[in-house]
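So this one's model-v2.pdb, PDB, C-alpha atoms and all ligand atoms:
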```
ATOM      1  CA  MET A   1      18.372 -24.890  38.343
ATOM      2  CA  PRO A   2      15.368 -24.933  36.024
ATOM      3  CA  GLY A   3      13.090 -27.926  36.545
ATOM      4  CA  GLN A   4      15.504 -29.562  38.999
ATOM      5  CA  ASN A   5      15.981 -29.576  42.672
ATOM      6  CA  GLY A   6      19.244 -30.412  44.362
ATOM      7  CA  ILE A   7      18.279 -33.967  45.199
ATOM      8  CA  SER A   8      17.352 -34.952  41.659
ATOM      9  CA  LEU A   9      20.506 -33.332  40.335
ATOM     10  CA  LEU A  10      22.437 -35.340  42.913
ATOM     11  CA  SER A  11      20.973 -38.614  41.702
ATOM     12  CA  GLU A  12      21.616 -37.645  38.063
ATOM     13  CA  ILE A  13      25.291 -36.995  38.817
ATOM     14  CA  LYS A  14      25.551 -40.170  40.906
ATOM     15  CA  LYS A  15      24.178 -42.197  38.022
ATOM     16  CA  GLU A  16      26.824 -40.842  35.678
ATOM     17  CA  PHE A  17      29.754 -40.665  38.123
ATOM     18  CA  PRO A  18      29.004 -43.019  41.030
ATOM     19  CA  ALA A  19      32.479 -42.761  42.559
ATOM     20  CA  ILE A  20      32.648 -38.974  42.845
ATOM     21  CA  PRO A  21      31.853 -37.801  46.371
ATOM     22  CA  ILE A  22      29.264 -35.032  46.407
ATOM     23  CA  ILE A  23      28.829 -32.517  49.188
ATOM     24  CA  MET A  24      25.395 -30.915  49.287
ATOM     25  CA  ILE A  25      25.063 -27.354  50.512
ATOM     26  CA  SER A  26      21.562 -26.091  50.998
ATOM     27  CA  GLY A  27      19.852 -23.022  52.347
ATOM     28  CA  ARG A  28      16.610 -24.753  53.225
ATOM     29  CA  SER A  29      18.039 -27.513  55.276
ATOM     30  CA  THR A  30      15.818 -29.757  57.279
ATOM     31  CA  LEU A  31      16.876 -33.046  58.767
ATOM     32  CA  ALA A  32      14.541 -34.815  56.346
ATOM     33  CA  ILE A  33      16.267 -33.276  53.321
ATOM     34  CA  ALA A  34      19.708 -34.067  54.736
ATOM     35  CA  VAL A  35      18.733 -37.700  55.303
ATOM     36  CA  LYS A  36      17.303 -37.924  51.804
ATOM     37  CA  ALA A  37      20.506 -36.490  50.331
ATOM     38  CA  ILE A  38      22.667 -38.985  52.195
ATOM     39  CA  LYS A  39      20.371 -41.812  51.122
ATOM     40  CA  GLU A  40      20.720 -40.694  47.508
ATOM     41  CA  GLY A  41      24.455 -40.983  47.905
ATOM     42  CA  ALA A  42      25.661 -37.533  49.005
ATOM     43  CA  PHE A  43      28.924 -37.760  50.897
ATOM     44  CA  ASP A  44      27.904 -35.051  53.341
ATOM     45  CA  PHE A  45      25.359 -32.314  53.815
ATOM     46  CA  LEU A  46      26.181 -28.786  54.924
ATOM     47  CA  GLU A  47      24.031 -25.775  55.625
ATOM     48  CA  LYS A  48      24.592 -22.688  53.544
ATOM     49  CA  GLY A  49      26.857 -20.373  55.482
ATOM     50  CA  ALA A  50      28.724 -23.152  57.307
ATOM     51  CA  ASP A  51      32.116 -21.828  58.327
ATOM     52  CA  LEU A  52      35.208 -22.311  56.195
ATOM     53  CA  ASP A  53      36.886 -24.743  58.608
ATOM     54  CA  ARG A  54      33.910 -27.047  58.530
ATOM     55  CA  LEU A  55      33.892 -26.900  54.733
ATOM     56  CA  LEU A  56      37.625 -27.650  54.517
ATOM     57  CA  ILE A  57      37.334 -30.612  56.863
ATOM     58  CA  THR A  58      34.433 -31.997  54.858
ATOM     59  CA  LEU A  59      36.349 -31.542  51.604
ATOM     60  CA  ASN A  60      39.401 -33.273  53.032
ATOM     61  CA  ASN A  61      37.283 -36.159  54.272
ATOM     62  CA  ALA A  62      35.646 -36.486  50.864
ATOM     63  CA  ILE A  63      39.011 -36.589  49.114
ATOM     64  CA  SER A  64      40.531 -39.176  51.419
ATOM     65  CA  HIS A  65      37.371 -41.263  51.171
ATOM     66  CA  TYR A  66      37.604 -41.106  47.389
ATOM     67  CA  ASN A  67      41.286 -42.097  47.378
ATOM     68  CA  TRP A  68      40.687 -44.896  49.830
ATOM     69  CA  GLN A  69      37.776 -46.172  47.736
ATOM     70  CA  LYS A  70      39.933 -46.089  44.628
ATOM     71  CA  GLU A  71      42.718 -48.036  46.281
ATOM     72  CA  ARG A  72      40.204 -50.564  47.564
ATOM     73  CA  ASP A  73      38.742 -50.950  44.057
ATOM     74  CA  MET A  74      42.190 -51.544  42.608
ATOM     75  CA  LEU A  75      42.948 -54.131  45.259
ATOM     76  CA  ILE A  76      39.659 -55.944  44.642
ATOM     77  CA  ASN A  77      40.173 -55.927  40.881
ATOM     78  CA  GLU A  78      43.704 -57.202  41.217
ATOM     79  CA  PHE A  79      42.569 -60.121  43.368
ATOM     80  CA  LEU A  80      39.588 -60.861  41.129
ATOM     81  CA  ASP A  81      41.716 -60.766  37.968
ATOM     82  CA  GLN A  82      44.168 -63.212  39.400
ATOM     83  CA  TYR A  83      42.122 -65.486  41.629
ATOM     84  CA  GLN A  84      38.422 -64.695  41.066
ATOM     85  CA  MET A  85      38.327 -64.174  44.801
ATOM     86  CA  VAL A  86      39.256 -61.470  47.280
ATOM     87  CA  GLY A  87      41.049 -61.468  50.620
ATOM     88  CA  GLN A  88      43.792 -59.571  52.372
ATOM     89  CA  SER A  89      44.137 -61.480  55.644
ATOM     90  CA  SER A  90      47.407 -63.278  56.250
ATOM     91  CA  ALA A  91      45.482 -66.553  55.887
ATOM     92  CA  MET A  92      44.240 -65.597  52.423
ATOM     93  CA  ARG A  93      47.637 -64.256  51.390
ATOM     94  CA  LYS A  94      49.126 -67.592  52.346
ATOM     95  CA  ILE A  95      46.451 -69.343  50.277
ATOM     96  CA  PHE A  96      47.154 -67.132  47.240
ATOM     97  CA  ASN A  97      50.836 -68.065  47.583
ATOM     98  CA  GLN A  98      49.936 -71.733  47.842
ATOM     99  CA  ILE A  99      47.784 -71.443  44.699
ATOM    100  CA  ASP A 100      50.670 -69.786  42.831
ATOM    101  CA  PHE A 101      53.055 -72.456  44.032
ATOM    102  CA  VAL A 102      51.008 -75.550  43.295
ATOM    103  CA  ALA A 103      49.032 -74.493  40.198
ATOM    104  CA  PRO A 104      51.849 -74.917  37.626
ATOM    105  CA  THR A 105      52.714 -78.401  38.930
ATOM    106  CA  ASN A 106      50.696 -81.522  38.300
ATOM    107  CA  SER A 107      50.312 -82.212  42.007
ATOM    108  CA  LYS A 108      47.089 -83.394  43.537
ATOM    109  CA  VAL A 109      45.618 -80.887  45.962
ATOM    110  CA  LEU A 110      43.377 -81.385  48.967
ATOM    111  CA  ILE A 111      41.368 -78.318  50.004
ATOM    112  CA  THR A 112      39.724 -78.365  53.427
ATOM    113  CA  GLY A 113      37.480 -75.932  55.261
ATOM    114  CA  GLU A 114      33.901 -75.273  56.265
ATOM    115  CA  THR A 115      31.137 -74.928  53.676
ATOM    116  CA  GLY A 116      31.193 -71.567  51.882
ATOM    117  CA  VAL A 117      34.803 -70.610  52.639
ATOM    118  CA  GLY A 118      35.688 -70.667  48.945
ATOM    119  CA  LYS A 119      37.110 -74.148  48.337
ATOM    120  CA  GLU A 120      35.594 -74.377  44.877
ATOM    121  CA  LEU A 121      36.906 -70.929  43.948
ATOM    122  CA  ILE A 122      40.381 -72.066  44.975
ATOM    123  CA  ALA A 123      40.106 -75.178  42.809
ATOM    124  CA  ARG A 124      39.113 -72.989  39.860
ATOM    125  CA  ALA A 125      41.940 -70.535  40.551
ATOM    126  CA  ILE A 126      44.388 -73.454  40.473
ATOM    127  CA  GLN A 127      42.931 -74.528  37.139
ATOM    128  CA  ILE A 128      43.182 -70.999  35.706
ATOM    129  CA  LYS A 129      46.821 -70.714  36.761
ATOM    130  CA  SER A 130      47.758 -74.204  35.632
ATOM    131  CA  LYS A 131      49.080 -75.522  32.341
ATOM    132  CA  ARG A 132      45.656 -77.123  31.885
ATOM    133  CA  SER A 133      43.800 -73.812  31.900
ATOM    134  CA  THR A 134      42.314 -74.360  28.465
ATOM    135  CA  LYS A 135      41.383 -77.957  29.203
ATOM    136  CA  PRO A 136      38.193 -79.187  30.881
ATOM    137  CA  PHE A 137      37.445 -78.558  34.545
ATOM    138  CA  ILE A 138      34.931 -81.166  35.645
ATOM    139  CA  ARG A 139      33.306 -81.114  39.072
ATOM    140  CA  ILE A 140      31.809 -84.107  40.815
ATOM    141  CA  ASN A 141      29.789 -83.494  43.938
ATOM    142  CA  CYS A 142      30.415 -86.795  45.707
ATOM    143  CA  ALA A 143      27.618 -86.046  48.185
ATOM    144  CA  ALA A 144      25.009 -85.762  45.455
ATOM    145  CA  ILE A 145      25.372 -89.020  43.509
ATOM    146  CA  PRO A 146      23.309 -92.037  44.577
ATOM    147  CA  GLU A 147      25.670 -94.829  45.584
ATOM    148  CA  THR A 148      24.474 -97.106  42.767
ATOM    149  CA  LEU A 149      25.371 -94.508  40.137
ATOM    150  CA  ILE A 150      28.830 -93.543  41.413
ATOM    151  CA  GLU A 151      30.799 -95.995  39.324
ATOM    152  CA  SER A 152      28.947 -95.099  36.146
ATOM    153  CA  THR A 153      29.264 -91.375  36.877
ATOM    154  CA  PHE A 154      33.012 -91.665  37.436
ATOM    155  CA  PHE A 155      33.928 -94.150  34.739
ATOM    156  CA  GLY A 156      30.999 -94.254  32.304
ATOM    157  CA  HIS A 157      29.236 -97.281  30.862
ATOM    158  CA  LYS A 158      28.665 -99.070  27.599
ATOM    159  CA  LYS A 159      25.230 -99.457  26.102
ATOM    160  CA  GLY A 160      23.462-102.535  27.485
ATOM    161  CA  SER A 161      25.935-103.100  30.326
ATOM    162  CA  PHE A 162      23.069-102.885  32.841
ATOM    163  CA  THR A 163      19.326-102.311  32.802
ATOM    164  CA  GLY A 164      18.756 -98.713  31.832
ATOM    165  CA  ALA A 165      22.086 -98.308  30.063
ATOM    166  CA  ILE A 166      20.415 -97.423  26.773
ATOM    167  CA  LYS A 167      23.472 -95.845  25.201
ATOM    168  CA  ASP A 168      27.208 -95.412  25.723
ATOM    169  CA  GLN A 169      27.894 -92.829  28.369
ATOM    170  CA  ALA A 170      31.282 -91.235  29.041
ATOM    171  CA  GLY A 171      32.316 -90.935  32.680
ATOM    172  CA  LYS A 172      33.599 -87.772  34.333
ATOM    173  CA  PHE A 173      37.179 -89.084  34.229
ATOM    174  CA  GLU A 174      36.968 -89.357  30.462
ATOM    175  CA  LEU A 175      35.368 -85.919  30.167
ATOM    176  CA  ALA A 176      38.164 -84.451  32.268
ATOM    177  CA  ASP A 177      40.922 -86.126  30.221
ATOM    178  CA  GLY A 178      43.792 -83.666  29.777
ATOM    179  CA  GLY A 179      42.254 -81.339  32.343
ATOM    180  CA  MET A 180      41.122 -81.417  35.938
ATOM    181  CA  LEU A 181      38.634 -83.301  37.994
ATOM    182  CA  PHE A 182      37.360 -81.518  41.081
ATOM    183  CA  LEU A 183      36.119 -84.083  43.597
ATOM    184  CA  ASP A 184      33.938 -81.974  45.853
ATOM    185  CA  GLU A 185      32.733 -83.318  49.236
ATOM    186  CA  ILE A 186      35.164 -86.224  48.904
ATOM    187  CA  GLY A 187      34.483 -87.118  52.563
ATOM    188  CA  GLU A 188      31.036 -88.348  51.528
ATOM    189  CA  LEU A 189      32.329 -90.966  49.103
ATOM    190  CA  PRO A 190      31.283 -94.478  50.208
ATOM    191  CA  LEU A 191      34.088 -96.959  50.971
ATOM    192  CA  GLN A 192      33.423 -99.121  47.940
ATOM    193  CA  ALA A 193      33.727 -96.150  45.599
ATOM    194  CA  GLN A 194      36.868 -95.063  47.452
ATOM    195  CA  ALA A 195      38.491 -98.359  46.510
ATOM    196  CA  LYS A 196      37.616 -97.889  42.823
ATOM    197  CA  LEU A 197      38.908 -94.309  42.886
ATOM    198  CA  LEU A 198      42.151 -95.418  44.513
ATOM    199  CA  ASN A 199      42.713 -97.955  41.725
ATOM    200  CA  VAL A 200      42.372 -95.295  39.075
ATOM    201  CA  LEU A 201      44.681 -92.929  40.905
ATOM    202  CA  GLN A 202      47.271 -95.695  41.150
ATOM    203  CA  ASP A 203      47.145 -96.905  37.541
ATOM    204  CA  GLY A 204      45.851 -93.861  35.666
ATOM    205  CA  GLU A 205      43.481 -96.231  33.878
ATOM    206  CA  ILE A 206      39.721 -96.311  33.966
ATOM    207  CA  GLU A 207      37.482 -99.282  33.532
ATOM    208  CA  THR A 208      34.253 -98.232  31.869
ATOM    209  CA  ILE A 209      31.352-100.460  32.895
ATOM    210  CA  GLY A 210      30.788-103.041  30.162
ATOM    211  CA  ALA A 211      33.972-102.173  28.265
ATOM    212  CA  VAL A 212      36.405-104.920  27.318
ATOM    213  CA  ALA A 213      39.608-102.947  27.854
ATOM    214  CA  THR A 214      40.789-100.305  30.296
ATOM    215  CA  LYS A 215      41.613 -96.825  29.058
ATOM    216  CA  LYS A 216      44.455 -94.477  30.012
ATOM    217  CA  VAL A 217      43.416 -91.031  31.178
ATOM    218  CA  ASP A 218      45.473 -87.991  32.128
ATOM    219  CA  VAL A 219      43.523 -86.171  34.816
ATOM    220  CA  ARG A 220      44.729 -83.856  37.554
ATOM    221  CA  ILE A 221      42.780 -84.344  40.775
ATOM    222  CA  ILE A 222      41.731 -81.603  43.166
ATOM    223  CA  ALA A 223      39.638 -82.792  46.112
ATOM    224  CA  ALA A 224      37.734 -80.760  48.675
ATOM    225  CA  THR A 225      35.936 -81.537  51.893
ATOM    226  CA  ASN A 226      34.415 -79.881  54.937
ATOM    227  CA  LYS A 227      35.106 -83.068  56.892
ATOM    228  CA  ASP A 228      38.127 -83.945  58.989
ATOM    229  CA  LEU A 229      39.461 -86.760  56.809
ATOM    230  CA  LYS A 230      42.002 -87.900  59.422
ATOM    231  CA  LYS A 231      39.152 -88.384  61.858
ATOM    232  CA  LEU A 232      37.170 -90.297  59.220
ATOM    233  CA  VAL A 233      40.247 -92.473  58.667
ATOM    234  CA  SER A 234      40.494 -93.245  62.382
ATOM    235  CA  GLU A 235      36.781 -94.129  62.398
ATOM    236  CA  GLY A 236      37.284 -96.470  59.447
ATOM    237  CA  LYS A 237      35.073 -94.373  57.184
ATOM    238  CA  PHE A 238      37.801 -93.147  54.872
ATOM    239  CA  ARG A 239      40.632 -95.219  53.393
ATOM    240  CA  GLU A 240      43.991 -94.167  54.724
ATOM    241  CA  ASP A 241      45.771 -94.997  51.459
ATOM    242  CA  LEU A 242      43.323 -92.851  49.496
ATOM    243  CA  PHE A 243      43.752 -90.033  52.003
ATOM    244  CA  HIS A 244      47.521 -90.045  51.443
ATOM    245  CA  ARG A 245      47.068 -90.204  47.660
ATOM    246  CA  LEU A 246      44.879 -87.092  47.727
ATOM    247  CA  ASN A 247      46.707 -85.175  50.440
ATOM    248  CA  VAL A 248      49.842 -84.428  48.423
ATOM    249  CA  PHE A 249      49.477 -80.679  48.806
ATOM    250  CA  HIS A 250      47.094 -79.379  51.444
ATOM    251  CA  ILE A 251      45.308 -76.024  51.423
ATOM    252  CA  HIS A 252      43.272 -75.244  54.509
ATOM    253  CA  VAL A 253      40.820 -72.353  54.408
ATOM    254  CA  PRO A 254      39.931 -70.936  57.828
ATOM    255  CA  PRO A 255      36.354 -69.679  58.316
ATOM    256  CA  LEU A 256      35.603 -65.990  57.909
ATOM    257  CA  ARG A 257      35.162 -65.519  61.650
ATOM    258  CA  GLU A 258      38.894 -66.230  62.006
ATOM    259  CA  ARG A 259      39.875 -63.733  59.299
ATOM    260  CA  ALA A 260      37.608 -60.749  59.849
ATOM    261  CA  GLU A 261      40.060 -58.544  57.884
ATOM    262  CA  ASP A 262      38.587 -60.077  54.737
ATOM    263  CA  ILE A 263      35.023 -59.003  55.499
ATOM    264  CA  PRO A 264      35.234 -55.355  54.284
ATOM    265  CA  LEU A 265      36.692 -56.470  50.946
ATOM    266  CA  LEU A 266      34.092 -59.212  50.523
ATOM    267  CA  VAL A 267      31.273 -56.816  51.413
ATOM    268  CA  ASP A 268      32.561 -54.218  48.944
ATOM    269  CA  ASN A 269      32.962 -56.843  46.285
ATOM    270  CA  TYR A 270      29.390 -58.076  46.744
ATOM    271  CA  LEU A 271      27.926 -54.561  46.994
ATOM    272  CA  LYS A 272      29.530 -53.723  43.689
ATOM    273  CA  TYR A 273      28.447 -56.953  42.103
ATOM    274  CA  TYR A 274      24.794 -56.611  43.121
ATOM    275  CA  ALA A 275      24.661 -52.850  42.504
ATOM    276  CA  ASN A 276      25.731 -53.640  38.970
ATOM    277  CA  GLU A 277      23.470 -56.689  38.618
ATOM    278  CA  TYR A 278      20.344 -54.798  39.761
ATOM    279  CA  ASN A 279      21.351 -51.403  38.419
ATOM    280  CA  LYS A 280      21.237 -49.839  41.868
ATOM    281  CA  GLN A 281      23.046 -46.933  43.427
ATOM    282  CA  ILE A 282      24.813 -48.311  46.470
ATOM    283  CA  SER A 283      27.571 -46.137  47.797
ATOM    284  CA  GLY A 284      28.611 -48.436  50.625
ATOM    285  CA  ILE A 285      27.701 -50.062  53.882
ATOM    286  CA  SER A 286      27.307 -48.166  57.142
ATOM    287  CA  ALA A 287      29.994 -48.556  59.777
ATOM    288  CA  ARG A 288      27.380 -50.125  62.034
ATOM    289  CA  GLY A 289      26.375 -52.648  59.394
ATOM    290  CA  LEU A 290      29.978 -53.581  58.742
ATOM    291  CA  ASN A 291      30.649 -53.968  62.445
ATOM    292  CA  LEU A 292      27.695 -56.300  62.825
ATOM    293  CA  LEU A 293      29.182 -58.499  60.100
ATOM    294  CA  ILE A 294      32.670 -58.384  61.587
ATOM    295  CA  GLU A 295      31.494 -59.214  65.084
ATOM    296  CA  TYR A 296      29.196 -62.024  63.963
ATOM    297  CA  ASP A 297      30.491 -65.434  64.958
TER     298      ASP A 297
HETATM  299  N1  LIG A 301      37.395 -64.985  49.079
HETATM  300  C1  LIG A 301      36.249 -64.900  48.380
HETATM  301  N2  LIG A 301      36.051 -63.895  47.498
HETATM  302  C2  LIG A 301      34.912 -63.788  46.793
HETATM  303  N3  LIG A 301      33.887 -64.640  46.900
HETATM  304  C3  LIG A 301      34.011 -65.666  47.753
HETATM  305  C4  LIG A 301      35.198 -65.861  48.535
HETATM  306  N4  LIG A 301      35.036 -66.971  49.301
HETATM  307  C5  LIG A 301      33.816 -67.446  48.998
HETATM  308  N5  LIG A 301      33.196 -66.680  48.074
HETATM  309  C6  LIG A 301      31.838 -66.891  47.527
HETATM  310  O1  LIG A 301      31.133 -67.664  48.490
HETATM  311  C7  LIG A 301      30.368 -68.671  47.853
HETATM  312  C8  LIG A 301      30.813 -70.042  48.328
HETATM  313  O2  LIG A 301      32.092 -70.351  47.799
HETATM  314  P1  LIG A 301      32.519 -71.837  47.412
HETATM  315  O3  LIG A 301      33.804 -71.786  46.693
HETATM  316  O4  LIG A 301      31.386 -72.541  46.732
HETATM  317  O5  LIG A 301      32.722 -72.432  48.878
HETATM  318  P2  LIG A 301      32.915 -73.946  49.313
HETATM  319  O6  LIG A 301      33.251 -74.730  48.075
HETATM  320  O7  LIG A 301      34.029 -73.909  50.320
HETATM  321  O8  LIG A 301      31.616 -74.380  49.922
HETATM  322  C9  LIG A 301      30.541 -68.490  46.376
HETATM  323  O9  LIG A 301      29.472 -67.709  45.888
HETATM  324  C10 LIG A 301      31.839 -67.734  46.251
HETATM  325  O10 LIG A 301      31.838 -66.957  45.109
HETATM  326 MG    MG A 302      31.407 -76.228  48.005
END
```
If you took the structure in this file and wrote it as structure tokens, what would it be?
Amino acid sequence: MPGQNGISLLSEIKKEFPAIPIIMISGRSTLAIAVKAIKEGAFDFLEKGADLDRLLITLNNAISHYNWQKERDMLINEFLDQYQMVGQSSAMRKIFNQIDFVAPTNSKVLITGETGVGKELIARAIQIKSKRSTKPFIRINCAAIPETLIESTFFGHKKGSFTGAIKDQAGKFELADGGMLFLDEIGELPLQAQAKLLNVLQDGEIETIGAVATKKVDVRIIAATNKDLKKLVSEGKFREDLFHRLNVFHIHVPPLRERAEDIPLLVDNYLKYYANEYNKQISGISARGLNLLIEYD
């Protein structure tokens, strides 16, 4: 090939057709060239003159790899289209069913699980599949608001109602009217704020600080926590009545170490995402790398 060697041709083809498996056959084969070819994304590397059986086996492997990759891509895209998240473990399948079941209702939902398991994604999937999908989705991180600002953040304030209230400010409940309010880290909400929240959930009316009258709002509540709320209740740190108000429909997300079947899909999903984001050629993860992730506790 004029002006080209096999390796640069390989990377040209990979750029254009990243999914096509390429088998390199070379006369001048050294280990270094073979390694380079694999690094550039070749599926396999054969020496010129390798016997027919070897070639057939390699071809068969390449084809099944390609088919498997295609099926995996379809699976990932199907999950992402529907839920913006991936997972094929029985735990995740149950969660997808729960999302489908509860999303079209107006039920409150409590999502529990360790940090990073995807609680926020689940809340958003519920929103997307709900009748409120075109309405606002407002998130409050209950762990991040200073205690003195909670009431104003939730319910808003009128200009001049306290020092520093220089103009009218709508609260998150008002912003979420007609849509959803995602109360993240609800286990961190101080008791006093819990009482105020409970009142609103009971009456569906908010009391903006400094306002003369209460206001009706129509907000669907999804709450999430990495805490054991029942334990907090027994310790007197979380109101039992509020717990029951929020815990109408419960989705628990087990940690990844208890659903290792989801790891290959997640890894593939992220490889694709970052390969695209950084314009990189990444054909996959090594079996050893994947095993390290699967065995990690
Ligand atoms: N099943 C999943 N599929 C794809 N991405 C996921 C999945 N679970 C978690 N993530 C990603 O992990 C990160 C943490 O998810 P998040 O919903 O914020 O978790 P949590 O709210 O439980 O702390 C996010 O970047 C999210 O996109
Ligand atoms: Mg979170």
Checklist line | Long-range neighbours of stretch 73-83 of chain A as number ranges by chain, 10 Å cut-off, only C-alpha atoms, 5 positions minimum in chain | finding: A: 67-68, 88, 96, 99-100, 121-126, 128-129, 265-266, 268-269, 272
Note to self: Which residue is closest to ligand LIG 301 (chain A)? Choose from A:Ile145, A:Ile282, A:Leu52, A:Ile111 and count only C-alpha atoms and all ligand atoms.
What the structure shows: A:Ile111
Next item on the list: Go through the chains and note each residue within 7 Å of ligand MG 302 (chain A), using all atoms listed in the file, then give the set as a ChimeraX atom specification.
Entry: /A:115-116,119-120,184
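Going from atom CA of A:Pro21 to atom CA of A:Ile38 covers 10.9 Å.
The set of residues that the PyMOL selection byres (((chain A and resi 7-10) around 10) and not hetatm) takes from this file is Met1, Gly3, Gln4, Asn5, Gly6, Ser11, Glu12, Ile13, Lys14, Lys15, Ile22, Ile23, Met24, Ile33, Ala34, Lys36, Ala37, Ile38, Glu40, Gly41 and Ala42 of chain A.
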Using all atoms of ligand LIG 301 (chain A) that appear in the file, construct an axis-aligned enclosing box with 6 Å of padding on every side and provide its centre coordinates and edge lengths in Å, rounded to one decimal, as JSON.
```
{"center_x": 33.4, "center_y": -69.3, "center_z": 47.7, "size_x": 19.9, "size_y": 22.9, "size_z": 17.2}
```
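Between atom N5 of ligand LIG 301 (chain A) and atom CA of A:Met85 the separation is 6.6 Å.
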Can you build me a table of stretch 193-221 of chain A residues sitting at most 9 Å from stretch 147-161 of chain A, with the closest atom pair per residue and its distance in Å to one decimal, using only C-alpha atoms, sorted by chain and residue number, as CSV?
```
residue,atom,partner,partner_atom,distance
A:Ala193,CA,A:Glu151,CA,6.9
A:Lys196,CA,A:Glu151,CA,7.9
A:Leu197,CA,A:Phe154,CA,8.5
A:Ile206,CA,A:Phe155,CA,6.2
A:Glu207,CA,A:Phe155,CA,6.4
A:Thr208,CA,A:Phe155,CA,5.0
A:Ile209,CA,A:His157,CA,4.3
A:Gly210,CA,A:Ser161,CA,4.9
A:Ala211,CA,A:Lys158,CA,6.2
```
Please complete stretch 37-54 of chain A so it has N, CA and C atoms, and hand it over as a PDB file, keeping the file's coordinate frame.
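Writing done, so here's result.pdb:
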```
ATOM      1  N   ALA A  37      19.291 -36.708  51.116  1.00  0.00           N
ATOM      2  CA  ALA A  37      20.506 -36.490  50.331  1.00  0.00           C
ATOM      3  C   ALA A  37      21.524 -37.592  50.599  1.00  0.00           C
ATOM      4  N   ILE A  38      21.706 -37.938  51.859  1.00  0.00           N
ATOM      5  CA  ILE A  38      22.667 -38.985  52.195  1.00  0.00           C
ATOM      6  C   ILE A  38      22.216 -40.319  51.599  1.00  0.00           C
ATOM      7  N   LYS A  39      20.910 -40.564  51.688  1.00  0.00           N
ATOM      8  CA  LYS A  39      20.371 -41.812  51.122  1.00  0.00           C
ATOM      9  C   LYS A  39      20.602 -41.882  49.622  1.00  0.00           C
ATOM     10  N   GLU A  40      20.507 -40.730  48.958  1.00  0.00           N
ATOM     11  CA  GLU A  40      20.720 -40.694  47.508  1.00  0.00           C
ATOM     12  C   GLU A  40      22.204 -40.738  47.158  1.00  0.00           C
ATOM     13  N   GLY A  41      23.040 -40.776  48.176  1.00  0.00           N
ATOM     14  CA  GLY A  41      24.455 -40.983  47.905  1.00  0.00           C
ATOM     15  C   GLY A  41      25.345 -39.770  48.128  1.00  0.00           C
ATOM     16  N   ALA A  42      24.798 -38.679  48.706  1.00  0.00           N
ATOM     17  CA  ALA A  42      25.661 -37.533  49.005  1.00  0.00           C
ATOM     18  C   ALA A  42      26.690 -37.955  50.050  1.00  0.00           C
ATOM     19  N   PHE A  43      27.893 -37.422  49.919  1.00  0.00           N
ATOM     20  CA  PHE A  43      28.924 -37.760  50.897  1.00  0.00           C
ATOM     21  C   PHE A  43      28.653 -37.053  52.219  1.00  0.00           C
ATOM     22  N   ASP A  44      28.224 -35.789  52.119  1.00  0.00           N
ATOM     23  CA  ASP A  44      27.904 -35.051  53.341  1.00  0.00           C
ATOM     24  C   ASP A  44      26.930 -33.940  52.994  1.00  0.00           C
ATOM     25  N   PHE A  45      26.369 -33.340  54.013  1.00  0.00           N
ATOM     26  CA  PHE A  45      25.359 -32.314  53.815  1.00  0.00           C
ATOM     27  C   PHE A  45      25.687 -31.132  54.715  1.00  0.00           C
ATOM     28  N   LEU A  46      25.859 -29.966  54.119  1.00  0.00           N
ATOM     29  CA  LEU A  46      26.181 -28.786  54.924  1.00  0.00           C
ATOM     30  C   LEU A  46      25.103 -27.730  54.742  1.00  0.00           C
ATOM     31  N   GLU A  47      24.949 -26.908  55.760  1.00  0.00           N
ATOM     32  CA  GLU A  47      24.031 -25.775  55.625  1.00  0.00           C
ATOM     33  C   GLU A  47      24.754 -24.634  54.925  1.00  0.00           C
ATOM     34  N   LYS A  48      24.009 -23.865  54.168  1.00  0.00           N
ATOM     35  CA  LYS A  48      24.592 -22.688  53.544  1.00  0.00           C
ATOM     36  C   LYS A  48      25.121 -21.789  54.662  1.00  0.00           C
ATOM     37  N   GLY A  49      26.332 -21.266  54.461  1.00  0.00           N
ATOM     38  CA  GLY A  49      26.857 -20.373  55.482  1.00  0.00           C
ATOM     39  C   GLY A  49      27.663 -21.099  56.549  1.00  0.00           C
ATOM     40  N   ALA A  50      27.872 -22.422  56.368  1.00  0.00           N
ATOM     41  CA  ALA A  50      28.724 -23.152  57.307  1.00  0.00           C
ATOM     42  C   ALA A  50      30.125 -22.549  57.255  1.00  0.00           C
ATOM     43  N   ASP A  51      30.849 -22.556  58.354  1.00  0.00           N
ATOM     44  CA  ASP A  51      32.116 -21.828  58.327  1.00  0.00           C
ATOM     45  C   ASP A  51      33.168 -22.565  57.496  1.00  0.00           C
ATOM     46  N   LEU A  52      34.204 -21.831  57.125  1.00  0.00           N
ATOM     47  CA  LEU A  52      35.208 -22.311  56.195  1.00  0.00           C
ATOM     48  C   LEU A  52      35.919 -23.566  56.729  1.00  0.00           C
ATOM     49  N   ASP A  53      36.214 -23.573  58.028  1.00  0.00           N
ATOM     50  CA  ASP A  53      36.886 -24.743  58.608  1.00  0.00           C
ATOM     51  C   ASP A  53      36.068 -26.011  58.402  1.00  0.00           C
ATOM     52  N   ARG A  54      34.802 -25.885  58.690  1.00  0.00           N
ATOM     53  CA  ARG A  54      33.910 -27.047  58.530  1.00  0.00           C
ATOM     54  C   ARG A  54      33.933 -27.534  57.081  1.00  0.00           C
TER      55      ARG A  54
END
```
